[in-house]
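Novice: Following this message is one structure expressed as structure tokens.
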Amino acid sequence: MQRDLLGLRQLEAKDMELILDTAEACKQLFNRPVRKVPTLRGKVVVNLFYEPSTRTRTSFEMAGKWLSADVVNITVAASSVVKGESLKDTARTVQALGADMVVIRHQASGVPHLLARTVDAAIINAGDGTNEHPTQGLLDIFTIRQHLGQVAGKRVLIVGDILHSRVARSNIWGLTKLGAAVMVCGPPTLIPVGLEKLGVTVVENLDEVLPLADVVNVLRIQLERQKAGMFPTLREYTRRWGITGERLALMRPDALLMHPGPANLGVEISEEATLDRRSVIREQVTNGVAVRMAVLYLLSGGERHELAD
Amino acid sequence: MSLLIKGGRVVDPAAGLDGYFDILVEEDLIAGIMAPGSEPVAADEVYEAGGRLVLPGLVDLHVHFGEPGREERETIKSGTMAAARGGFTTVLMMPDTEPPLDDPAVLAQALDIASRKSAIRVLAAGALSKELAGREMTELAGLVAAGATGLVEPDRLPANKALLRRILQYAAPLGAFIAVHPVEYDLLGSGVMHEGAQSTAFGIPGIPAAAEEVAVAACLLLIAATGTPLHLSGISTAGSVRLIARAKEDGLPVTCDTSPYHLVLTDEYMSGYEASGKLLPPLRPPEDVAALVAGLTDGTIDCVATNHTPYPPEEKDIELDKAPFGAVALEVAWPLLYHHLVREGRLSLRRLVEAMSAKPAALLGLAGKGTGTLRLGGPADLVIVNPEAQKVVQPESFCSKGRSTPVSGRLLSGWPEATVAGGRLVWRESR
């Protein structure tokens, strides 16, 4: 296992499998009467968040707590950035506080890599700019594996803003390494240049590929993208790329419908779709805790069998 | 005061020299170029240059210093020491100081500081637009009268093309070197690196090649419309090379340069998310780098300019989105290109010397005075290079106040060993 989790681009398939297998063991703990295990007692996990994120932060916090780590949340307000507090200075402060692991969310791509060069603590990327959100990618893959048995050979369709989506990028790296066939569909202005070189198929017509997909992963559309002129109106976006009732009917009966949340209901996905029996959106949230427990555990130097009993 | 540089291989394309000569410097002039076996001459000091290359002092028409106003970036003293160490004896300082060199009095003041603090020849470029804002023309004639060698708008092309056209019309009779940096700001957006397969893989906001090529095309059309010679600074794509090659075939008075980093490094460098690779123009894919080397070889690209851009580490070595564009280059430009282009057989030594001395000197209108070449009675500006010297790039030892370079830690060969500017030994590596 590597020292840091910076992205799935840097992670080998076997390490990904190790995390996923460990997450299975973690998920078993959820059914116990007492969920908390003493595995990370005395370890300090710092959640260092430069962007607001209730979901990911809470998920890491719960994962840490169920492993008995001491979890500290630092939300860096825009004010201290304005005051000129530098990232490296903050990182060194966190280090001096005795952090064993730092979970970092930042608006700029590559900040976890910068931190990993600056501090000794293990760095876990919880979303960096438009680059990666590896634990989200892992939890999506985990959810697919749980439902479909395996990832290899499955057709996964990712719909929406691929250009700015770190969720999409982590999914693409992880899924292609594990042998899935990844297709993407979205506004041409939001499809990054040269995506095919990552082994991804770019499709133009959503309705033609929906019936082929084993998994449909719908990305959140940031409403400011419309204001930036990436597409004309939200109405047109929904009409062309929204997962609506009609599009649900095009999906295979045994397909999985996923969304990293939080969803703009009625824009990229209808409420009806989120409640469809093929939707695993709420399960993704639970699986997120299991995957993050596995990551914290493995990066703290643990082995899988220790956790299982 | 006289200095005899003995036994070196003199390579001076402008003078048609490539051979072993002794060079005698008296005061600030070259007093003798003597074939081996000539009658011995006496000199106050003798520099044994056996096994060394003796070249005309390098000329750089694109450096950013910080004086006046941003001395923490670079003073004229630190910047010219960096230049001297890198083998440069003439540099053209960009006008993006604080205040900018957009006013004749400020420019004259900057030149005055330079004349007192600099070991080498520092020329100044006046701004084309007031406050470099791209809205109003500066007193272009006043700037030239105050001593500006060039009139330049660094970092971006004026968005207002009507202004650019009028500048070209108005400045034509002034005879100054006029340069713009072909970057179209709307297309640059919030990009950090070249937009392509690598930016997609690394998840870093991209800068499309069109951000440069649209600007290049606009400039070429305005050159055609006005007939005014214009220099395009820092071109970096195969598309730009093609556009400029065609314009030159058509006889347009266009010239251009590219930077040492763009001739060697590719966008793959950004894989580590290090701000040291955040340059403008951005580092490009291998096919663009190959087109730049080909363009430099065949003369489509006239010369090399470093675009030396220093920042204090706390300003540069930060998050990619906030870090400014640019890197220091004066102290690594020559060995980087010598090592990767000349030694690897991709560019002739003769062409590299020309592209870093005679050619930029000619663009700045200095060729008639003997800058960029070694000739009897010409200025004694020269650099002595040890082609065998191998050394790792160590930014902490730079004379420049800037430390950020994408070639930090790289082993290079062919380092300058001594630099003579105006007849004085302004830099000598300790042996």
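Chains: A, B, ... in order of the structure tokens. Residues: from 1 per chain. Ligands: from 1, in order shown.
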Using only C-alpha atoms, I'd like every residue of chain A that has an atom within 8 Å of chain B; please write them out as a list in words.
Specialist: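 The complete set of qualifying residues is Ser86, Leu87, Lys88, Ala108, Ser109, Gly110, Val111, His113, Leu114, Gly129, Thr130, Asn131, Glu132, Leu163, His164, Arg166, Arg169, Pro192, Val193, Gly194, Leu195, Lys197 and Leu198 of chain A.
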Novice: I'd like the neighbourhood of Gly42 of chain A as a ChimeraX atom specification, where a residue qualifies if any of its atoms comes within 10 Å (using only C-alpha atoms), though same-chain residues fewer than 6 positions away should be ignored.
Specialist: /A:68-70,100
Novice: Work out how far apart atom CA of Ile235 of chain B and atom CA of Phe398 of chain B are and give it in Å to one decimal.
Specialist: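 Those two atoms sit 26.4 Å apart.
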Novice: What's the 10 Å shell around segment 170-179 of chain B, counting only C-alpha atoms, without same-chain residues fewer than 4 positions away, as a PyMOL selection string?
Specialist: chain B and resi 61-62+125-128+137+139-141+144-145+148-154+157+164-166+226-233+254-256+362-365
Novice: How would the residues just chosen look if you wrote them out with C-alpha atoms as an mmCIF file, in the first residue's frame?
Specialist:
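The result, written out as again10.cif:
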```
data_model
loop_
_atom_site.group_PDB
_atom_site.id
_atom_site.type_symbol
_atom_site.label_atom_id
_atom_site.label_comp_id
_atom_site.auth_asym_id
_atom_site.auth_seq_id
_atom_site.Cartn_x
_atom_site.Cartn_y
_atom_site.Cartn_z
ATOM 1 C CA LEU B 61 15.393 40.186 -25.310
ATOM 2 C CA HIS B 62 12.926 39.051 -22.655
ATOM 3 C CA ALA B 125 11.524 48.172 -22.998
ATOM 4 C CA GLY B 126 8.802 50.737 -22.616
ATOM 5 C CA ALA B 127 5.168 49.655 -22.371
ATOM 6 C CA LEU B 128 2.914 49.902 -25.406
ATOM 7 C CA MET B 137 -1.250 54.222 -26.074
ATOM 8 C CA GLU B 139 4.053 58.197 -25.241
ATOM 9 C CA LEU B 140 5.847 55.832 -27.565
ATOM 10 C CA ALA B 141 8.141 58.477 -29.044
ATOM 11 C CA VAL B 144 12.229 55.962 -27.231
ATOM 12 C CA ALA B 145 13.693 59.428 -26.598
ATOM 13 C CA ALA B 148 13.825 52.655 -24.610
ATOM 14 C CA THR B 149 15.362 50.079 -26.927
ATOM 15 C CA GLY B 150 12.094 48.223 -27.285
ATOM 16 C CA LEU B 151 8.376 48.861 -26.997
ATOM 17 C CA VAL B 152 6.688 45.820 -25.556
ATOM 18 C CA GLU B 153 3.403 44.611 -24.132
ATOM 19 C CA PRO B 154 4.324 41.568 -22.060
ATOM 20 C CA LEU B 157 -2.035 40.801 -26.413
ATOM 21 C CA LEU B 164 -2.933 47.423 -31.448
ATOM 22 C CA ARG B 165 -3.398 48.515 -35.049
ATOM 23 C CA ARG B 166 -2.922 52.181 -34.135
ATOM 24 C CA THR B 226 0.199 48.147 -41.397
ATOM 25 C CA GLY B 227 3.504 46.925 -42.787
ATOM 26 C CA THR B 228 5.107 47.518 -39.382
ATOM 27 C CA PRO B 229 7.681 44.944 -38.220
ATOM 28 C CA LEU B 230 6.485 43.128 -35.124
ATOM 29 C CA HIS B 231 8.163 40.544 -32.925
ATOM 30 C CA LEU B 232 6.067 37.778 -31.355
ATOM 31 C CA SER B 233 7.495 36.767 -27.985
ATOM 32 C CA VAL B 254 7.476 39.251 -38.553
ATOM 33 C CA THR B 255 10.020 37.754 -36.170
ATOM 34 C CA CYS B 256 9.569 35.546 -33.134
ATOM 35 C CA ALA B 362 20.154 42.287 -34.683
ATOM 36 C CA LEU B 363 16.481 42.403 -33.649
ATOM 37 C CA LEU B 364 17.346 44.997 -31.016
ATOM 38 C CA GLY B 365 19.235 47.056 -33.592
#
```
Novice: For segment 252-259 of chain A, find every residue with an atom within 12 Å (counting only C-alpha atoms), except residues of its own chain fewer than 4 positions away, and show them as a ChimeraX atom specification.
Specialist: /A:136-137,139-141,143-148,154-160,167-168,171,209-221,243-244,247-248,263-265,268-285
Novice: Which residues are close to Thr90 of chain A, i.e. within 12 Å by only C-alpha atoms, leaving aside same-chain residues fewer than 5 positions away? Reply as a ChimeraX atom specification.
Specialist: /A:46,48-50,74-76,80-81,84-85,95-97,102,104,115,118-119
Novice: Let's have the selection written as a PDB file, in the first residue's frame, with C-alpha atoms.
Specialist:
```
ATOM      1  CA  VAL A  46      -7.448  15.865  10.670  1.00  0.00           C
ATOM      2  CA  LEU A  48      -8.742  19.885   6.484  1.00  0.00           C
ATOM      3  CA  PHE A  49     -11.480  21.312   4.296  1.00  0.00           C
ATOM      4  CA  TYR A  50     -10.999  24.388   2.134  1.00  0.00           C
ATOM      5  CA  ILE A  74     -10.622  22.176  10.380  1.00  0.00           C
ATOM      6  CA  THR A  75     -12.722  24.136   7.969  1.00  0.00           C
ATOM      7  CA  VAL A  76     -10.573  26.859   6.564  1.00  0.00           C
ATOM      8  CA  SER A  80      -8.082  33.186   6.774  1.00  0.00           C
ATOM      9  CA  VAL A  81      -7.215  32.663   3.126  1.00  0.00           C
ATOM     10  CA  GLY A  84      -2.918  35.464   3.627  1.00  0.00           C
ATOM     11  CA  GLU A  85      -2.488  32.270   5.641  1.00  0.00           C
ATOM     12  CA  GLN A  95       1.596  18.486  11.421  1.00  0.00           C
ATOM     13  CA  ALA A  96       2.718  20.175  14.648  1.00  0.00           C
ATOM     14  CA  LEU A  97      -0.646  19.271  16.170  1.00  0.00           C
ATOM     15  CA  VAL A 102      -4.737  14.546   6.901  1.00  0.00           C
ATOM     16  CA  ILE A 104      -7.789  17.354   2.467  1.00  0.00           C
ATOM     17  CA  LEU A 115       0.914  18.670   0.982  1.00  0.00           C
ATOM     18  CA  THR A 118       5.443  19.215   2.681  1.00  0.00           C
ATOM     19  CA  VAL A 119       4.320  17.129   5.671  1.00  0.00           C
TER      20      VAL A 119
END
```
Novice: Which of these, B:Ala84, B:Leu280, B:Leu222, B:Ala14, has the shortest distance to Arg121 of chain B once you count only C-alpha atoms?
Specialist: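 Of all the options, B:Ala84 lies closest to Arg121 of chain B.
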Novice: Show which residues sit within 8 Å of Gly422 of chain B, as a PyMOL selection string. Count only C-alpha atoms, and ignore same-chain residues fewer than 6 positions away.
Specialist: chain B and resi 27-29+120+379-381
